[in-house]
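A quick write-up on the structure given underneath.
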Amino acid sequence: GSINIQSGLMRFNSVYNQTGDLTVAPGAQLVLNGPTSFDLSAVVNASSVSIENRGYATVKAIFKVTDRLTIGAPTTFLPGAVPDLTSATIAFATNGANMVLDLSSGRRVSMAGLELASGATLRGSDSFVVTDHFQWRGGTLQGTGNISVLGPATISGGGNPRIGEVKTLTLAGDSTLTTYIGLDGAATLAIAPTGTFNFMGDFAISGGTMQNAGI
């Protein structure tokens, strides 16, 4: 079957299993607040989706979000999933519990924006590129997939931003640091030849490796 959310906000507070087509029109919003699965046969085309803190979501489907995907609970893109987030911003809720996004679809993922809050974890084996903005107010980047940010990046707040394990974060735009950053193990923070890294105050980058590439 098919579900079409044409306007307003549709909330599922129960177990939700999607195997058919799901469309969320521009300006409308889908809120998932219970255990949710998008199976291999499902096709999602949505403007705005929120995963709230009473639920979780597993995705094996073609999953397109064009505006905003809000993570407030564990959300996993499993091998075989097709995450299409090219024009979307992924934002972690400021009041969610277990705010974890695992991108392990086996694909290279592109997204317009990424906004991490304190307590959030972004992990997985997928590498991805952020084409527009990156706001990092806390939380941890984990897993084996690397991250490239082409647009402006703001690293701020008291949310203890960290890069874990062997992950590499490459900043290729104009970036501003107004907090401390921790790098665990073999983690790397890299400034690309096109990047500018602005320190605003008395802060430190501790552990791991810091790379500043030449032109």
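We name chains A, B, ... following the order of the structure tokens; residues begin at 1 in each chain, and ligands are numbered from 1 as shown.
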
Can you pull out the residues contacting segment 118-128 of chain A? Cut-off 9 Å, using only C-alpha atoms, and skip same-chain residues under 2 positions away; I want them as a short mmCIF file (atom, residue, chain, number, x, y, z; two decimals) with N, CA, C and O atoms, in the first residue's frame.
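Result file is part_36.cif:
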data_model
loop_
_atom_site.label_atom_id
_atom_site.label_comp_id
_atom_site.auth_asym_id
_atom_site.auth_seq_id
_atom_site.Cartn_x
_atom_site.Cartn_y
_atom_site.Cartn_z
N ILE A 71 17.12 13.32 14.46
CA ILE A 71 17.45 12.10 15.18
C ILE A 71 17.32 12.34 16.67
O ILE A 71 18.09 13.09 17.27
N GLY A 72 16.34 11.68 17.30
CA GLY A 72 16.16 11.78 18.75
C GLY A 72 16.25 10.43 19.43
O GLY A 72 16.06 10.34 20.64
N THR A 76 19.34 3.40 12.41
CA THR A 76 20.39 2.64 11.73
C THR A 76 20.02 2.43 10.27
O THR A 76 18.94 1.92 9.95
N PHE A 77 20.93 2.82 9.38
CA PHE A 77 20.83 2.49 7.96
C PHE A 77 21.66 1.25 7.72
O PHE A 77 22.89 1.28 7.79
N PHE A 92 20.43 16.47 15.17
CA PHE A 92 20.19 15.69 16.36
C PHE A 92 19.40 16.53 17.35
O PHE A 92 19.75 17.67 17.63
N ALA A 93 18.31 15.94 17.89
CA ALA A 93 17.45 16.65 18.82
C ALA A 93 18.23 17.04 20.06
O ALA A 93 19.16 16.36 20.49
N THR A 94 17.84 18.15 20.66
CA THR A 94 18.53 18.63 21.86
C THR A 94 18.01 17.96 23.14
O THR A 94 18.61 18.11 24.19
N GLY A 96 16.81 14.50 23.10
CA GLY A 96 16.59 13.08 22.85
C GLY A 96 17.42 12.19 23.76
O GLY A 96 18.42 12.60 24.35
N ALA A 97 16.97 10.96 23.93
CA ALA A 97 17.71 9.95 24.68
C ALA A 97 18.31 8.97 23.69
O ALA A 97 17.65 8.55 22.74
N ASN A 98 19.57 8.61 23.90
CA ASN A 98 20.24 7.68 22.99
C ASN A 98 20.20 8.17 21.55
O ASN A 98 19.77 7.47 20.64
N MET A 99 20.67 9.40 21.36
CA MET A 99 20.66 10.00 20.02
C MET A 99 21.82 9.41 19.21
O MET A 99 22.94 9.91 19.27
N VAL A 100 21.54 8.34 18.48
CA VAL A 100 22.58 7.63 17.74
C VAL A 100 22.12 7.46 16.29
O VAL A 100 21.02 6.96 16.04
N LEU A 101 22.96 7.88 15.36
CA LEU A 101 22.72 7.61 13.95
C LEU A 101 23.87 6.75 13.44
O LEU A 101 25.04 7.15 13.52
N ASP A 102 23.54 5.56 12.93
CA ASP A 102 24.52 4.63 12.39
C ASP A 102 24.31 4.55 10.88
O ASP A 102 23.30 4.02 10.41
N LEU A 103 25.27 5.08 10.13
CA LEU A 103 25.23 5.02 8.67
C LEU A 103 26.15 3.90 8.22
O LEU A 103 27.38 4.07 8.14
N SER A 104 25.58 2.74 7.93
CA SER A 104 26.35 1.56 7.50
C SER A 104 25.66 0.89 6.32
O SER A 104 25.51 -0.32 6.27
N SER A 105 25.26 1.71 5.35
CA SER A 105 24.51 1.20 4.20
C SER A 105 25.41 0.57 3.15
O SER A 105 24.94 -0.15 2.27
N GLY A 106 26.71 0.85 3.21
CA GLY A 106 27.62 0.40 2.17
C GLY A 106 27.74 1.38 1.02
O GLY A 106 28.35 1.07 -0.01
N ARG A 107 27.20 2.59 1.18
CA ARG A 107 27.24 3.61 0.14
C ARG A 107 27.95 4.87 0.65
O ARG A 107 28.07 5.08 1.86
N ARG A 108 28.40 5.70 -0.28
CA ARG A 108 28.89 7.02 0.08
C ARG A 108 27.69 7.96 0.12
O ARG A 108 26.93 8.04 -0.85
N VAL A 109 27.53 8.67 1.21
CA VAL A 109 26.33 9.46 1.47
C VAL A 109 26.66 10.95 1.35
O VAL A 109 27.72 11.39 1.81
N SER A 110 25.75 11.70 0.76
CA SER A 110 25.89 13.15 0.68
C SER A 110 24.70 13.79 1.38
O SER A 110 23.56 13.33 1.24
N MET A 111 24.97 14.86 2.14
CA MET A 111 23.91 15.60 2.81
C MET A 111 24.23 17.09 2.75
O MET A 111 25.40 17.48 2.64
N LEU A 116 25.09 18.51 15.07
CA LEU A 116 25.27 17.60 16.20
C LEU A 116 25.11 18.35 17.51
O LEU A 116 25.66 19.45 17.68
N VAL A 130 29.42 16.54 3.60
CA VAL A 130 28.46 17.59 3.95
C VAL A 130 28.73 18.76 3.03
O VAL A 130 29.81 19.37 3.09
N TRP A 136 28.59 21.79 15.08
CA TRP A 136 29.01 20.74 16.02
C TRP A 136 29.05 21.34 17.42
O TRP A 136 30.00 22.01 17.80
N ARG A 137 27.97 21.11 18.17
CA ARG A 137 27.85 21.67 19.52
C ARG A 137 28.11 20.62 20.59
O ARG A 137 27.86 20.85 21.76
N GLY A 138 28.61 19.46 20.19
CA GLY A 138 28.89 18.39 21.13
C GLY A 138 28.60 17.05 20.50
O GLY A 138 28.13 16.95 19.36
N GLY A 139 28.91 15.98 21.24
CA GLY A 139 28.68 14.65 20.72
C GLY A 139 29.93 14.07 20.09
O GLY A 139 30.98 14.71 20.01
N THR A 140 29.80 12.84 19.60
CA THR A 140 30.95 12.06 19.14
C THR A 140 30.77 11.56 17.72
O THR A 140 29.69 11.11 17.34
N LEU A 141 31.84 11.66 16.94
CA LEU A 141 31.92 11.06 15.61
C LEU A 141 32.70 9.77 15.74
O LEU A 141 33.87 9.79 16.15
N GLN A 142 32.09 8.63 15.38
CA GLN A 142 32.73 7.33 15.55
C GLN A 142 32.65 6.53 14.26
O GLN A 142 31.98 6.91 13.31
N GLY A 143 33.32 5.36 14.26
CA GLY A 143 33.23 4.43 13.15
C GLY A 143 34.37 4.59 12.17
O GLY A 143 35.28 5.39 12.35
N THR A 144 34.30 3.81 11.09
CA THR A 144 35.39 3.77 10.12
C THR A 144 35.16 4.69 8.93
O THR A 144 36.10 4.99 8.20
N GLY A 145 33.94 5.13 8.70
CA GLY A 145 33.66 6.01 7.57
C GLY A 145 34.16 7.42 7.84
O GLY A 145 34.01 7.95 8.94
N ASN A 146 34.77 8.03 6.83
CA ASN A 146 35.31 9.37 6.98
C ASN A 146 34.29 10.43 6.59
O ASN A 146 33.34 10.16 5.85
N ILE A 147 34.52 11.67 7.06
CA ILE A 147 33.59 12.78 6.86
C ILE A 147 34.34 13.93 6.21
O ILE A 147 35.41 14.33 6.70
N SER A 148 33.77 14.48 5.15
CA SER A 148 34.31 15.69 4.53
C SER A 148 33.25 16.78 4.58
O SER A 148 32.09 16.54 4.21
N VAL A 149 33.66 17.96 5.01
CA VAL A 149 32.75 19.11 5.09
C VAL A 149 33.24 20.16 4.11
O VAL A 149 34.34 20.69 4.25
N GLY A 157 30.21 25.41 21.92
CA GLY A 157 29.42 24.88 23.02
C GLY A 157 30.22 24.03 23.97
O GLY A 157 31.40 23.76 23.77
N GLY A 158 29.57 23.57 25.02
CA GLY A 158 30.22 22.78 26.05
C GLY A 158 29.86 21.31 26.00
O GLY A 158 29.88 20.62 27.03
N GLY A 159 29.54 20.80 24.82
CA GLY A 159 29.06 19.43 24.69
C GLY A 159 30.13 18.40 24.43
O GLY A 159 29.84 17.29 23.99
N ASN A 160 31.40 18.75 24.68
CA ASN A 160 32.52 17.80 24.57
C ASN A 160 32.60 17.11 23.20
O ASN A 160 32.52 15.88 23.11
N PRO A 161 32.78 17.86 22.13
CA PRO A 161 32.90 17.21 20.81
C PRO A 161 34.14 16.33 20.75
O PRO A 161 35.23 16.73 21.16
#

Near-Ala28 of chain A list (9 Å; only C-alpha atoms; drop same-chain fewer than 6 positions) as a ChimeraX atom specification
/A:5-10,46-48

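We find atom CA of Ala88 of chain A and atom CA of Thr179 of chain A to be spaced 26.4 Å apart.
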
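Put simply, atom CA of Thr170 of chain A is 23.7 Å away from atom CA of Val82 of chain A.
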
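Comparing A:Val59, A:Val49, A:Val166, A:Ile181 by their smallest distance to Ile90 of chain A, the closest is A:Val49 (using only C-alpha atoms).
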
Measuring atom to atom with only C-alpha atoms, identify which of A:Thr168, A:Thr36, A:Thr58, A:Ser41 is nearest to Ile191 of chain A.
A:Thr168

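Atom pair atom CA of Leu69 of chain A / atom CA of Asn198 of chain A: separated by 28.8 Å.
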
Skipping near chain neighbours, those fewer than 4 positions away, what residues fall within 10 Å of Ser37 of chain A using only C-alpha atoms, listed as an MDAnalysis selection string?
chainID A and resid 15:19 42 56:61 75:76

Could those selected residues go to a file with C-alpha atoms, as a PDB file, in the first residue's frame?
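Wrote it out as part31.pdb, contents follow:
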ATOM      1  CA  VAL A  15       5.104  -0.020  16.297  1.00  0.00           C
ATOM      2  CA  TYR A  16       5.370   1.019  12.651  1.00  0.00           C
ATOM      3  CA  ASN A  17       6.502  -1.284   9.840  1.00  0.00           C
ATOM      4  CA  GLN A  18       6.777   0.184   6.326  1.00  0.00           C
ATOM      5  CA  THR A  19       6.981  -2.144   3.319  1.00  0.00           C
ATOM      6  CA  ALA A  42       9.766   0.254   1.006  1.00  0.00           C
ATOM      7  CA  TYR A  56      14.079   3.638  17.240  1.00  0.00           C
ATOM      8  CA  ALA A  57      14.332   3.080  13.495  1.00  0.00           C
ATOM      9  CA  THR A  58      16.029   0.548  11.232  1.00  0.00           C
ATOM     10  CA  VAL A  59      16.227   1.330   7.521  1.00  0.00           C
ATOM     11  CA  LYS A  60      16.796  -1.109   4.651  1.00  0.00           C
ATOM     12  CA  ALA A  61      14.774   0.903   2.140  1.00  0.00           C
ATOM     13  CA  THR A  75      18.480   5.139  13.890  1.00  0.00           C
ATOM     14  CA  THR A  76      20.391   2.639  11.727  1.00  0.00           C
TER      15      THR A  76
END

Between A:Gln29, A:Thr209, A:Thr176, A:Asn45, which one has atoms that come closest to Ser156 of chain A, using only C-alpha atoms?
A:Thr176
